[in-house]
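Engineer: One file is attached below, query.txt, containing compact mmCIF, C-alpha atoms.
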# COMPACT_ATOMS: atom_id res chain seq x y z
CA MET A 9 41.07 25.37 -63.60
CA VAL A 10 41.16 24.34 -59.98
CA GLN A 11 42.12 20.73 -59.48
CA TYR A 12 40.42 18.76 -56.75
CA GLU A 13 40.62 15.31 -55.36
CA ARG A 14 37.62 13.08 -55.53
CA ILE A 15 36.56 11.10 -52.51
CA PRO A 16 37.93 7.57 -53.00
CA ASP A 17 35.53 5.46 -55.04
CA ALA A 18 35.52 2.74 -52.39
CA VAL A 19 34.17 5.20 -49.82
CA VAL A 20 31.65 6.62 -52.28
CA ARG A 21 30.37 3.14 -52.96
CA ARG A 22 29.76 2.62 -49.25
CA LEU A 23 27.96 5.94 -48.69
CA PRO A 24 24.54 4.80 -49.96
CA GLY A 25 24.82 1.77 -47.69
CA TYR A 26 25.49 4.06 -44.75
CA TYR A 27 22.52 6.16 -45.67
CA ARG A 28 20.27 3.14 -46.07
CA ASN A 29 21.30 1.66 -42.73
CA LEU A 30 21.04 4.96 -40.88
CA ARG A 31 17.59 5.51 -42.38
CA GLU A 32 16.47 2.10 -41.08
CA LEU A 33 18.02 2.77 -37.68
CA GLU A 34 16.33 6.14 -37.46
CA ALA A 35 12.99 4.56 -38.38
CA MET A 36 13.57 2.06 -35.56
CA GLY A 37 14.05 4.95 -33.15
CA VAL A 38 17.81 4.47 -32.62
CA THR A 39 19.46 7.81 -31.88
CA ARG A 40 23.00 6.84 -30.90
CA LEU A 41 25.17 4.04 -32.18
CA SER A 42 28.80 3.00 -31.73
CA SER A 43 31.12 2.42 -34.67
CA GLN A 44 31.26 -1.24 -33.54
CA ALA A 45 27.48 -1.68 -33.76
CA LEU A 46 27.25 0.14 -37.10
CA GLY A 47 30.15 -1.94 -38.38
CA GLU A 48 28.52 -5.22 -37.40
CA ARG A 49 25.35 -4.19 -39.14
CA MET A 50 27.21 -3.27 -42.31
CA GLY A 51 29.84 -6.00 -42.33
CA LEU A 52 32.69 -3.54 -41.78
CA THR A 53 35.20 -3.13 -38.97
CA ALA A 54 34.75 -0.34 -36.43
CA SER A 55 37.98 1.25 -37.58
CA GLN A 56 36.85 1.24 -41.22
CA ILE A 57 33.63 2.95 -40.14
CA ARG A 58 35.57 5.62 -38.25
CA GLN A 59 37.94 6.12 -41.17
CA ASP A 60 35.10 6.48 -43.69
CA ILE A 61 33.14 8.90 -41.56
CA ASN A 62 36.21 10.97 -40.77
CA CYS A 63 36.43 11.75 -44.51
CA PHE A 64 33.45 14.05 -44.01
CA GLY A 65 34.32 15.63 -40.71
CA GLY A 66 34.32 14.34 -37.15
CA PHE A 67 30.88 13.11 -36.22
CA GLY A 68 31.61 10.66 -33.43
CA GLN A 69 32.19 11.66 -29.86
CA GLN A 70 34.56 9.43 -27.90
CA GLY A 71 32.42 7.13 -25.79
CA TYR A 72 29.12 8.39 -27.21
CA GLY A 73 29.11 6.94 -30.67
CA TYR A 74 27.36 8.55 -33.60
CA HIS A 75 24.19 10.60 -33.48
CA VAL A 76 22.07 8.67 -35.97
CA PRO A 77 19.73 11.40 -37.29
CA LYS A 78 22.56 13.95 -37.60
CA LEU A 79 24.87 11.55 -39.35
CA LYS A 80 22.09 10.42 -41.67
CA LYS A 81 21.25 14.02 -42.51
CA ARG A 82 24.90 14.84 -43.18
CA ILE A 83 25.40 11.81 -45.42
CA GLY A 84 22.17 12.70 -47.21
CA GLN A 85 23.60 16.17 -47.87
CA ILE A 86 26.86 14.71 -49.12
CA LEU A 87 24.93 12.38 -51.42
CA GLY A 88 22.92 15.34 -52.66
CA ILE A 89 19.60 13.69 -51.87
CA ASP A 90 18.44 16.63 -49.78
CA ARG A 91 17.77 18.33 -53.10
CA GLU A 92 15.07 17.78 -55.72
CA HIS A 93 16.10 16.02 -58.90
CA ARG A 94 14.11 16.28 -62.09
CA VAL A 95 14.06 12.88 -63.73
CA ILE A 96 12.82 11.53 -67.04
CA ILE A 97 12.70 7.86 -68.00
CA VAL A 98 13.31 6.78 -71.58
CA GLY A 99 11.81 3.35 -72.17
CA ALA A 100 8.51 2.69 -70.39
CA GLY A 101 8.76 -1.11 -70.49
CA ASN A 102 9.16 -3.32 -67.45
CA ILE A 103 12.37 -1.79 -66.17
CA GLY A 104 11.29 1.79 -66.86
CA SER A 105 7.95 1.26 -65.09
CA ALA A 106 9.62 -0.50 -62.17
CA VAL A 107 11.92 2.51 -61.77
CA ALA A 108 8.96 4.91 -61.94
CA HIS A 109 7.24 2.95 -59.15
CA TYR A 110 10.39 2.60 -57.05
CA PRO A 111 9.66 4.11 -53.62
CA THR A 112 13.12 5.67 -53.20
CA PHE A 113 12.34 7.97 -56.07
CA ARG A 114 9.44 9.67 -54.46
CA ASN A 115 10.72 9.50 -50.89
CA GLU A 116 14.11 10.98 -51.65
CA GLY A 117 13.15 13.83 -53.95
CA PHE A 118 13.69 12.19 -57.32
CA ARG A 119 10.75 13.57 -59.27
CA VAL A 120 9.81 11.65 -62.41
CA GLU A 121 8.36 14.28 -64.76
CA ALA A 122 7.83 12.19 -67.88
CA LEU A 123 8.47 8.83 -69.50
CA PHE A 124 9.22 8.35 -73.18
CA ASP A 125 8.48 5.36 -75.37
CA THR A 126 8.05 4.30 -78.98
CA ASP A 127 5.09 2.00 -78.33
CA VAL A 128 1.83 3.70 -79.34
CA LYS A 129 -0.05 1.50 -76.86
CA ARG A 130 1.92 3.02 -74.01
CA ILE A 131 2.02 6.62 -75.20
CA GLY A 132 -0.63 8.70 -73.44
CA GLN A 133 -0.74 6.52 -70.34
CA VAL A 134 0.17 7.99 -66.95
CA VAL A 135 2.58 6.26 -64.57
CA GLN A 136 2.68 7.56 -61.00
CA GLY A 137 1.41 10.90 -62.21
CA ALA A 138 3.91 11.19 -65.07
CA PRO A 139 2.78 10.99 -68.71
CA ILE A 140 4.27 8.61 -71.27
CA LEU A 141 5.28 10.74 -74.26
CA PRO A 142 6.52 9.71 -77.73
CA VAL A 143 10.29 9.39 -77.84
CA SER A 144 10.27 11.37 -81.11
CA GLY A 145 9.51 14.41 -78.94
CA LEU A 146 12.45 13.90 -76.57
CA GLU A 147 14.79 16.39 -78.22
CA GLU A 148 12.13 19.08 -78.19
CA TYR A 149 11.19 18.28 -74.58
CA LEU A 150 14.80 18.73 -73.45
CA LYS A 151 14.93 22.16 -75.10
CA SER A 152 12.21 23.52 -72.85
CA ASN A 153 12.63 21.39 -69.70
CA GLU A 154 15.63 21.12 -67.47
CA VAL A 155 16.42 17.53 -66.54
CA ASP A 156 18.96 16.39 -63.94
CA ILE A 157 18.81 12.65 -64.53
CA LEU A 158 17.79 10.68 -67.61
CA VAL A 159 16.99 7.05 -66.86
CA LEU A 160 17.98 4.95 -69.84
CA ALA A 161 15.71 1.91 -69.89
CA THR A 162 15.61 1.13 -73.60
CA PRO A 163 16.86 -2.03 -75.32
CA ALA A 164 20.63 -2.11 -75.86
CA GLY A 165 20.31 -1.19 -79.54
CA SER A 166 18.63 2.18 -78.93
CA ALA A 167 20.72 3.29 -75.95
CA GLN A 168 23.51 5.08 -77.79
CA SER A 169 21.13 7.16 -79.94
CA ILE A 170 19.21 8.31 -76.85
CA LEU A 171 22.51 9.12 -75.18
CA GLU A 172 23.44 11.33 -78.14
CA ILE A 173 20.24 13.33 -77.64
CA ALA A 174 21.03 13.64 -73.93
CA LYS A 175 24.57 14.80 -74.73
CA ALA A 176 23.34 17.46 -77.13
CA ALA A 177 20.94 18.73 -74.46
CA ARG A 178 23.70 18.66 -71.79
CA VAL A 179 21.76 16.39 -69.42
CA PRO A 180 24.24 15.97 -66.55
CA GLY A 181 23.25 12.55 -65.20
CA ILE A 182 22.44 9.20 -66.80
CA TRP A 183 21.12 6.20 -64.87
CA ASN A 184 21.67 3.42 -67.36
CA PHE A 185 19.81 0.10 -67.29
CA ALA A 186 20.58 -0.84 -70.91
CA PRO A 187 23.06 -3.72 -71.02
CA VAL A 188 25.78 -1.77 -72.86
CA ASP A 189 28.84 0.22 -71.89
CA LEU A 190 28.20 3.72 -73.20
CA ASP A 191 30.67 6.36 -74.26
CA THR A 192 30.02 9.43 -72.15
CA PRO A 193 31.84 12.77 -72.17
CA GLU A 194 33.71 13.84 -69.04
CA TRP A 195 31.12 16.38 -67.95
CA MET A 196 28.40 13.71 -67.87
CA GLU A 197 27.95 11.38 -64.89
CA ILE A 198 26.71 7.87 -65.50
CA SER A 199 25.69 5.10 -63.12
CA ASN A 200 25.12 1.68 -64.64
CA VAL A 201 22.79 -1.03 -63.38
CA HIS A 202 23.83 -4.03 -65.40
CA LEU A 203 21.30 -6.58 -64.16
CA SER A 204 22.72 -9.39 -66.24
CA ASP A 205 26.21 -8.75 -64.87
CA SER A 206 24.91 -9.15 -61.34
CA LEU A 207 23.11 -12.36 -62.26
CA MET A 208 26.18 -13.75 -63.98
CA SER A 209 28.35 -13.03 -60.96
CA LEU A 210 25.90 -15.04 -58.90
CA SER A 211 25.93 -17.85 -61.46
CA PHE A 212 29.73 -17.78 -61.38
CA ARG A 213 29.85 -18.11 -57.60
CA LEU A 214 27.40 -21.02 -57.65
CA HIS A 215 29.31 -22.73 -60.41
CA GLU A 216 32.72 -22.12 -58.85
CA ARG A 217 31.48 -23.74 -55.67
CA ASP A 218 30.21 -26.81 -57.53
CA VAL A 219 33.50 -27.19 -59.36
CA HIS A 220 35.39 -27.12 -56.09
CA ALA A 221 32.93 -29.41 -54.35
CA HIS A 222 33.47 -31.82 -57.22
CA LYS A 223 37.26 -31.58 -56.94
CA GLU A 224 36.91 -32.09 -53.23
CA SER A 225 34.88 -35.27 -53.56
CA GLN A 226 37.38 -36.64 -56.07
CA TRP A 227 40.11 -35.84 -53.58
CA THR A 228 38.28 -37.68 -50.84
CA LYS A 229 37.98 -40.79 -53.02
CA GLU A 230 41.73 -41.07 -53.60
CA MET B 21 38.68 -30.14 -46.38
CA VAL B 22 40.56 -28.96 -49.44
CA GLN B 23 41.32 -25.26 -49.38
CA TYR B 24 41.17 -23.35 -52.62
CA GLU B 25 41.80 -19.85 -53.76
CA ARG B 26 38.97 -17.86 -55.25
CA ILE B 27 39.52 -15.89 -58.41
CA PRO B 28 40.11 -12.27 -57.32
CA ASP B 29 36.84 -10.41 -56.89
CA ALA B 30 37.98 -7.61 -59.19
CA VAL B 31 38.41 -10.10 -62.05
CA VAL B 32 35.09 -11.80 -61.26
CA ARG B 33 33.35 -8.43 -61.44
CA ARG B 34 34.75 -7.87 -64.92
CA LEU B 35 33.82 -11.31 -66.31
CA PRO B 36 30.16 -10.49 -67.06
CA GLY B 37 31.35 -7.38 -68.90
CA TYR B 38 33.68 -9.53 -70.98
CA TYR B 39 30.85 -11.91 -71.73
CA ARG B 40 28.48 -9.10 -72.65
CA ASN B 41 31.00 -7.44 -74.97
CA LEU B 42 32.03 -10.70 -76.59
CA ARG B 43 28.38 -11.57 -77.16
CA GLU B 44 27.84 -8.25 -78.92
CA LEU B 45 31.01 -8.67 -80.97
CA GLU B 46 29.99 -12.17 -81.99
CA ALA B 47 26.55 -10.90 -83.02
CA MET B 48 28.34 -8.28 -85.15
CA GLY B 49 30.25 -11.05 -86.87
CA VAL B 50 33.67 -10.24 -85.34
CA THR B 51 35.73 -13.42 -85.01
CA ARG B 52 39.17 -12.12 -83.98
CA LEU B 53 40.05 -9.17 -81.80
CA SER B 54 43.26 -7.81 -80.29
CA SER B 55 43.61 -7.13 -76.57
CA GLN B 56 44.00 -3.44 -77.53
CA ALA B 57 40.67 -3.33 -79.35
CA LEU B 58 38.86 -5.26 -76.61
CA GLY B 59 40.45 -2.97 -74.02
CA GLU B 60 39.31 0.18 -75.80
CA ARG B 61 35.81 -1.16 -75.99
CA MET B 62 35.77 -2.00 -72.29
CA GLY B 63 37.74 0.95 -70.92
CA LEU B 64 40.66 -1.26 -69.83
CA THR B 65 44.29 -1.38 -70.89
CA ALA B 66 45.50 -4.12 -73.22
CA SER B 67 47.76 -5.46 -70.48
CA GLN B 68 44.87 -5.65 -68.01
CA ILE B 69 42.87 -7.60 -70.58
CA ARG B 70 45.75 -10.03 -71.11
CA GLN B 71 46.26 -10.42 -67.37
CA ASP B 72 42.55 -11.11 -66.75
CA ILE B 73 42.23 -13.61 -69.55
CA ASN B 74 45.42 -15.39 -68.54
CA CYS B 75 43.68 -16.27 -65.25
CA PHE B 76 41.62 -18.79 -67.22
CA GLY B 77 44.27 -20.19 -69.52
CA GLY B 78 46.04 -18.81 -72.58
CA PHE B 79 43.51 -17.84 -75.20
CA GLY B 80 45.39 -15.26 -77.22
CA GLN B 81 47.86 -16.08 -79.91
CA GLN B 82 50.71 -13.62 -80.36
CA GLY B 83 49.82 -11.46 -83.34
CA TYR B 84 46.41 -13.06 -83.88
CA GLY B 85 44.42 -11.70 -80.96
CA TYR B 86 41.53 -13.54 -79.36
CA HIS B 87 39.12 -15.82 -81.10
CA VAL B 88 35.83 -14.17 -80.15
CA PRO B 89 33.39 -17.13 -80.21
CA LYS B 90 35.83 -19.43 -78.37
CA LEU B 91 36.66 -16.89 -75.71
CA LYS B 92 32.98 -16.08 -75.25
CA LYS B 93 32.14 -19.75 -74.91
CA ARG B 94 34.92 -20.28 -72.38
CA ILE B 95 33.89 -17.27 -70.27
CA GLY B 96 30.29 -18.47 -70.45
CA GLN B 97 31.44 -21.84 -69.06
CA ILE B 98 33.40 -20.14 -66.30
CA LEU B 99 30.35 -18.05 -65.46
CA GLY B 100 28.26 -21.21 -65.38
CA ILE B 101 25.73 -19.81 -67.86
CA ASP B 102 26.11 -22.78 -70.17
CA ARG B 103 23.94 -24.65 -67.67
CA GLU B 104 20.23 -24.39 -66.89
CA HIS B 105 19.26 -22.63 -63.69
CA ARG B 106 15.92 -23.15 -62.02
CA VAL B 107 14.73 -19.80 -60.76
CA ILE B 108 11.80 -18.64 -58.64
CA ILE B 109 10.86 -15.03 -57.99
CA VAL B 110 9.39 -13.99 -54.66
CA GLY B 111 7.52 -10.72 -55.02
CA ALA B 112 5.62 -10.30 -58.30
CA GLY B 113 5.45 -6.51 -58.17
CA ASN B 114 7.20 -4.19 -60.59
CA ILE B 115 10.72 -5.39 -59.92
CA GLY B 116 9.76 -9.08 -59.84
CA SER B 117 7.84 -8.80 -63.12
CA ALA B 118 10.64 -6.83 -64.74
CA VAL B 119 13.05 -9.61 -63.80
CA ALA B 120 10.67 -12.26 -65.16
CA HIS B 121 10.54 -10.39 -68.47
CA TYR B 122 14.28 -9.72 -68.60
CA PRO B 123 15.62 -11.17 -71.87
CA THR B 124 18.89 -12.43 -70.34
CA PHE B 125 16.90 -14.87 -68.28
CA ARG B 126 15.49 -16.80 -71.16
CA ASN B 127 18.43 -16.40 -73.50
CA GLU B 128 21.01 -17.59 -71.01
CA GLY B 129 19.23 -20.58 -69.49
CA PHE B 130 17.74 -18.99 -66.38
CA ARG B 131 14.35 -20.66 -66.28
CA VAL B 132 11.72 -18.93 -64.15
CA GLU B 133 9.49 -21.72 -62.87
CA ALA B 134 7.20 -19.76 -60.55
CA LEU B 135 6.58 -16.40 -58.94
CA PHE B 136 5.23 -15.94 -55.42
CA ASP B 137 3.19 -13.07 -54.03
CA THR B 138 0.80 -12.18 -51.22
CA ASP B 139 -1.55 -10.12 -53.40
CA VAL B 140 -4.69 -12.13 -54.24
CA LYS B 141 -5.15 -10.03 -57.38
CA ARG B 142 -1.83 -11.29 -58.72
CA ILE B 143 -2.06 -14.91 -57.59
CA GLY B 144 -3.18 -17.19 -60.43
CA GLN B 145 -1.81 -14.93 -63.16
CA VAL B 146 0.87 -16.21 -65.50
CA VAL B 147 4.02 -14.23 -66.30
CA GLN B 148 6.11 -15.42 -69.25
CA GLY B 149 4.69 -18.90 -68.80
CA ALA B 150 5.32 -19.05 -65.05
CA PRO B 151 2.40 -19.03 -62.56
CA ILE B 152 2.10 -16.58 -59.66
CA LEU B 153 1.54 -18.70 -56.52
CA PRO B 154 0.65 -17.66 -52.97
CA VAL B 155 3.74 -17.00 -50.86
CA SER B 156 2.17 -19.06 -48.08
CA GLY B 157 2.94 -22.11 -50.22
CA LEU B 158 6.64 -21.28 -50.69
CA GLU B 159 7.95 -23.60 -48.00
CA GLU B 160 5.94 -26.52 -49.38
CA TYR B 161 7.00 -25.71 -52.94
CA LEU B 162 10.67 -25.81 -51.98
CA LYS B 163 10.22 -29.26 -50.43
CA SER B 164 9.23 -30.77 -53.76
CA ASN B 165 11.09 -28.55 -56.25
CA GLU B 166 14.77 -27.97 -56.54
CA VAL B 167 15.63 -24.30 -57.00
CA ASP B 168 19.03 -22.88 -57.89
CA ILE B 169 18.28 -19.19 -57.55
CA LEU B 170 15.61 -17.40 -55.54
CA VAL B 171 15.03 -13.82 -56.69
CA LEU B 172 14.10 -11.73 -53.69
CA ALA B 173 11.89 -8.88 -54.92
CA THR B 174 9.77 -8.22 -51.84
CA PRO B 175 9.64 -5.01 -49.82
CA ALA B 176 12.51 -4.62 -47.34
CA GLY B 177 10.37 -5.65 -44.37
CA SER B 178 9.59 -9.14 -45.70
CA ALA B 179 13.01 -9.97 -47.09
CA GLN B 180 14.55 -11.56 -43.99
CA SER B 181 11.59 -13.91 -43.39
CA ILE B 182 11.70 -15.13 -47.00
CA LEU B 183 15.43 -15.61 -46.64
CA GLU B 184 14.84 -17.82 -43.59
CA ILE B 185 12.58 -20.06 -45.68
CA ALA B 186 15.26 -20.20 -48.39
CA LYS B 187 17.90 -21.08 -45.80
CA ALA B 188 15.81 -23.91 -44.35
CA ALA B 189 15.34 -25.30 -47.86
CA ARG B 190 19.07 -24.93 -48.66
CA VAL B 191 18.50 -22.77 -51.75
CA PRO B 192 22.07 -22.08 -52.88
CA GLY B 193 21.66 -18.71 -54.63
CA ILE B 194 19.84 -15.49 -53.80
CA TRP B 195 19.49 -12.58 -56.19
CA ASN B 196 18.39 -9.82 -53.87
CA PHE B 197 16.57 -6.66 -54.98
CA ALA B 198 15.21 -5.75 -51.53
CA PRO B 199 17.00 -2.67 -50.20
CA VAL B 200 18.47 -4.42 -47.14
CA ASP B 201 21.74 -6.11 -46.28
CA LEU B 202 20.81 -9.68 -45.42
CA ASP B 203 22.57 -12.13 -43.16
CA THR B 204 23.40 -15.20 -45.21
CA PRO B 205 25.21 -18.36 -44.15
CA GLU B 206 28.54 -19.18 -45.78
CA TRP B 207 27.17 -21.91 -48.02
CA MET B 208 24.69 -19.50 -49.61
CA GLU B 209 25.68 -17.15 -52.43
CA ILE B 210 23.99 -13.76 -52.66
CA SER B 211 24.18 -11.03 -55.28
CA ASN B 212 22.59 -7.71 -54.37
CA VAL B 213 21.07 -5.18 -56.73
CA HIS B 214 20.61 -2.14 -54.54
CA LEU B 215 18.93 0.20 -57.01
CA SER B 216 18.78 3.08 -54.56
CA ASP B 217 22.51 2.77 -53.86
CA SER B 218 23.25 3.13 -57.54
CA LEU B 219 20.96 6.15 -57.80
CA MET B 220 22.54 7.76 -54.74
CA SER B 221 26.03 7.30 -56.16
CA LEU B 222 24.87 9.14 -59.24
CA SER B 223 23.31 11.88 -57.13
CA PHE B 224 26.58 12.13 -55.19
CA ARG B 225 28.65 12.55 -58.34
CA LEU B 226 26.30 15.24 -59.66
CA HIS B 227 26.31 17.05 -56.35
CA GLU B 228 30.08 16.74 -55.86
CA ARG B 229 30.60 18.34 -59.24
CA ASP B 230 28.29 21.22 -58.38
CA VAL B 231 30.08 21.80 -55.08
CA HIS B 232 33.42 21.96 -56.85
CA ALA B 233 32.09 24.11 -59.67
CA HIS B 234 30.82 26.47 -56.99
CA LYS B 235 34.17 26.49 -55.17
CA GLU B 236 35.84 27.05 -58.49
CA SER B 237 33.72 30.07 -59.33
CA GLN B 238 34.38 31.53 -55.87
CA TRP B 239 38.07 30.97 -56.45
CA THR B 240 37.90 32.75 -59.76
CA LYS B 241 36.26 35.74 -58.15
CA GLU B 242 39.03 36.21 -55.59
Please go through the file and, once you have read it, give me the structure as structure tokens.

Structural biologist:
Amino acid sequence: MVQYERIPDAVVRRLPGYYRNLRELEAMGVTRLSSQALGERMGLTASQIRQDINCFGGFGQQGYGYHVPKLKKRIGQILGIDREHRVIIVGAGNIGSAVAHYPTFRNEGFRVEALFDTDVKRIGQVVQGAPILPVSGLEEYLKSNEVDILVLATPAGSAQSILEIAKAARVPGIWNFAPVDLDTPEWMEISNVHLSDSLMSLSFRLHERDVHAHKESQWTKE
Amino acid sequence: MVQYERIPDAVVRRLPGYYRNLRELEAMGVTRLSSQALGERMGLTASQIRQDINCFGGFGQQGYGYHVPKLKKRIGQILGIDREHRVIIVGAGNIGSAVAHYPTFRNEGFRVEALFDTDVKRIGQVVQGAPILPVSGLEEYLKSNEVDILVLATPAGSAQSILEIAKAARVPGIWNFAPVDLDTPEWMEISNVHLSDSLMSLSFRLHERDVHAHKESQWTKE
């Protein structure tokens, strides 16, 4: 087996931000931009920008900056969003529906083909053109339909059992919104959106600040 | 002004995961756990677990492991989720409603007091006990109501103008779902959930694998 190096995770994590900013810039009609200007926009230094972008080949021209549409297109290719992705969503509750309605999906070639749920009131409804099917039919569905990404939007307790069905069907990508850390095999890619983790980080920062403000005022009194 | 050191970001990012896992373990009736077992569950080494937890004082007892409910309680205190947070949600669309319905909110003391929207069809409705108010009244609302966290769930184009209102009212925390990087003053804490970034990272990983699988098969042919 051929070994290969992955692009550093830190750079990978910044790529979507690049894409998002370049997309906005393109929409604003900007065609050329310096690493300084892009850095300011993204909260990075110019040299970090140059270093990141050099990972994927030289795009800048000394004194001319980056060509926004070309760079955006290239980063889009690297991210794989120039291709169509067949997506299903398991769990058609609030999170699942929000994902189905999310504009990025449709704009960037993520095609939601079906949603799955256990709730008989939801089954049979159509969300953004995709039907809500009974989750009992998921295994069968995956036998006759190729799926690139399964969005896991069930409660925590059901997530692992759905993952087992996805594993058996060799679904390559999982976008997980269930608040659990799932065991995935090496061949499967998973991206987690742990909403509560993000909220707790915010709560921590707010609390940390209060604690220090309190210490500070005590200090001042002495 | 007293200077202080922040807890390293890497540790902060893991704290919600600790809390989540400890909550599950507690619900399962587990009272004591070794750093090895907690590490396996969280995909960390035992020594990393011990190092992290030592940041907040010695909780483990040699040979006894961690006391799950105590450690969970302590991490909850550090995260500030033992306190009540007054929350408002701006943007009562799919994301905003999903957040309002999110179980963590109610279970962990995040109290949604109102939602705000521009859509007259939504205004006047009640979501989980909280009214949907017109966004034109946001400034006035913030004058007479203290808010700890403003959830920003508007389209990208409106996010900055809502943020300006939040700044003027000195709202300390922003939980941002709009797909933009916002300029916040130092005294304001912001946590971003960039859904499309997470999806693009997944797409990248899937694509990267394909590229390498392709290279690999070419290699094999030679």

Engineer: Report the closest atom pair, with its distance in Å rounded to one decimal, for each residue of chain A that has an atom no farther than 8 Å from chain B; count only C-alpha atoms, sort by chain and then rising residue number, and write it as JSON lines.

Structural biologist:
{"residue": "A:Met9", "atom": "CA", "partner": "B:Glu236", "partner_atom": "CA", "distance": 7.5}
{"residue": "A:Val10", "atom": "CA", "partner": "B:Glu236", "partner_atom": "CA", "distance": 6.2}
{"residue": "A:Tyr12", "atom": "CA", "partner": "B:His232", "partner_atom": "CA", "distance": 7.7}
{"residue": "A:Val20", "atom": "CA", "partner": "B:Ser221", "partner_atom": "CA", "distance": 6.9}
{"residue": "A:Arg21", "atom": "CA", "partner": "B:Ser221", "partner_atom": "CA", "distance": 6.8}
{"residue": "A:Leu23", "atom": "CA", "partner": "B:Ser221", "partner_atom": "CA", "distance": 7.8}
{"residue": "A:Pro24", "atom": "CA", "partner": "B:Asp217", "partner_atom": "CA", "distance": 4.8}
{"residue": "A:Gly25", "atom": "CA", "partner": "B:Asp217", "partner_atom": "CA", "distance": 6.7}
{"residue": "A:Arg28", "atom": "CA", "partner": "B:Pro199", "partner_atom": "CA", "distance": 7.8}
{"residue": "A:Met50", "atom": "CA", "partner": "B:Asp201", "partner_atom": "CA", "distance": 7.3}
{"residue": "A:Ile86", "atom": "CA", "partner": "B:Phe224", "partner_atom": "CA", "distance": 6.6}
{"residue": "A:Leu87", "atom": "CA", "partner": "B:Phe224", "partner_atom": "CA", "distance": 4.1}
{"residue": "A:Gly88", "atom": "CA", "partner": "B:His227", "partner_atom": "CA", "distance": 5.3}
{"residue": "A:Ile89", "atom": "CA", "partner": "B:Ser223", "partner_atom": "CA", "distance": 6.7}
{"residue": "A:Asn102", "atom": "CA", "partner": "B:Ala118", "partner_atom": "CA", "distance": 4.7}
{"residue": "A:Ile103", "atom": "CA", "partner": "B:Ala118", "partner_atom": "CA", "distance": 5.5}
{"residue": "A:Ser105", "atom": "CA", "partner": "B:Asn114", "partner_atom": "CA", "distance": 7.1}
{"residue": "A:Ala106", "atom": "CA", "partner": "B:Asn114", "partner_atom": "CA", "distance": 4.7}
{"residue": "A:His109", "atom": "CA", "partner": "B:Asn114", "partner_atom": "CA", "distance": 7.3}
{"residue": "A:Thr112", "atom": "CA", "partner": "B:Ser216", "partner_atom": "CA", "distance": 6.4}
{"residue": "A:Pro180", "atom": "CA", "partner": "B:Leu226", "partner_atom": "CA", "distance": 7.2}
{"residue": "A:Gly181", "atom": "CA", "partner": "B:Leu226", "partner_atom": "CA", "distance": 6.9}
{"residue": "A:Ile182", "atom": "CA", "partner": "B:Leu222", "partner_atom": "CA", "distance": 7.9}
{"residue": "A:Trp183", "atom": "CA", "partner": "B:Leu219", "partner_atom": "CA", "distance": 7.1}
{"residue": "A:Pro187", "atom": "CA", "partner": "B:Arg40", "partner_atom": "CA", "distance": 7.8}
{"residue": "A:Val188", "atom": "CA", "partner": "B:Arg40", "partner_atom": "CA", "distance": 7.8}
{"residue": "A:Asp189", "atom": "CA", "partner": "B:Met62", "partner_atom": "CA", "distance": 7.3}
{"residue": "A:Glu197", "atom": "CA", "partner": "B:Arg225", "partner_atom": "CA", "distance": 6.7}
{"residue": "A:Ile198", "atom": "CA", "partner": "B:Leu222", "partner_atom": "CA", "distance": 6.6}
{"residue": "A:Ser199", "atom": "CA", "partner": "B:Leu222", "partner_atom": "CA", "distance": 5.7}
{"residue": "A:Asn200", "atom": "CA", "partner": "B:Ser218", "partner_atom": "CA", "distance": 7.5}
{"residue": "A:Val201", "atom": "CA", "partner": "B:Ser218", "partner_atom": "CA", "distance": 7.2}
{"residue": "A:Leu203", "atom": "CA", "partner": "B:Val213", "partner_atom": "CA", "distance": 7.6}
{"residue": "A:Ser204", "atom": "CA", "partner": "B:Thr124", "partner_atom": "CA", "distance": 6.4}
{"residue": "A:Asp205", "atom": "CA", "partner": "B:Pro36", "partner_atom": "CA", "distance": 4.8}
{"residue": "A:Ser206", "atom": "CA", "partner": "B:Ser211", "partner_atom": "CA", "distance": 6.4}
{"residue": "A:Leu207", "atom": "CA", "partner": "B:Trp195", "partner_atom": "CA", "distance": 7.1}
{"residue": "A:Met208", "atom": "CA", "partner": "B:Pro36", "partner_atom": "CA", "distance": 6.0}
{"residue": "A:Ser209", "atom": "CA", "partner": "B:Arg33", "partner_atom": "CA", "distance": 6.8}
{"residue": "A:Leu210", "atom": "CA", "partner": "B:Ser211", "partner_atom": "CA", "distance": 5.7}
{"residue": "A:Ser211", "atom": "CA", "partner": "B:Gly100", "partner_atom": "CA", "distance": 5.7}
{"residue": "A:Phe212", "atom": "CA", "partner": "B:Leu99", "partner_atom": "CA", "distance": 4.1}
{"residue": "A:Arg213", "atom": "CA", "partner": "B:Glu209", "partner_atom": "CA", "distance": 6.7}
{"residue": "A:Leu214", "atom": "CA", "partner": "B:Glu209", "partner_atom": "CA", "distance": 6.7}
{"residue": "A:His215", "atom": "CA", "partner": "B:Gly100", "partner_atom": "CA", "distance": 5.3}
{"residue": "A:Glu216", "atom": "CA", "partner": "B:Ile98", "partner_atom": "CA", "distance": 7.7}
{"residue": "A:His220", "atom": "CA", "partner": "B:Tyr24", "partner_atom": "CA", "distance": 7.7}
{"residue": "A:Glu224", "atom": "CA", "partner": "B:Val22", "partner_atom": "CA", "distance": 6.1}

Engineer: Which residue gives the smallest distance to B:Ala134 among B:Ala198, B:Val191, B:Val147, B:Ala30, with only C-alpha atoms counted?

Structural biologist: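 Going through B:Ala198, B:Val191, B:Val147, B:Ala30 one by one, the smallest distance to B:Ala134 is for B:Val147.
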
Engineer: Give me the residues near stretch 173-177 of chain A as number ranges by chain, where near means some atom within 8 Å (using all atoms listed in the file) and where sequence neighbours in that chain fewer than 6 positions away do not count.

Structural biologist: A: 146-147, 150-151, 158, 193, 196
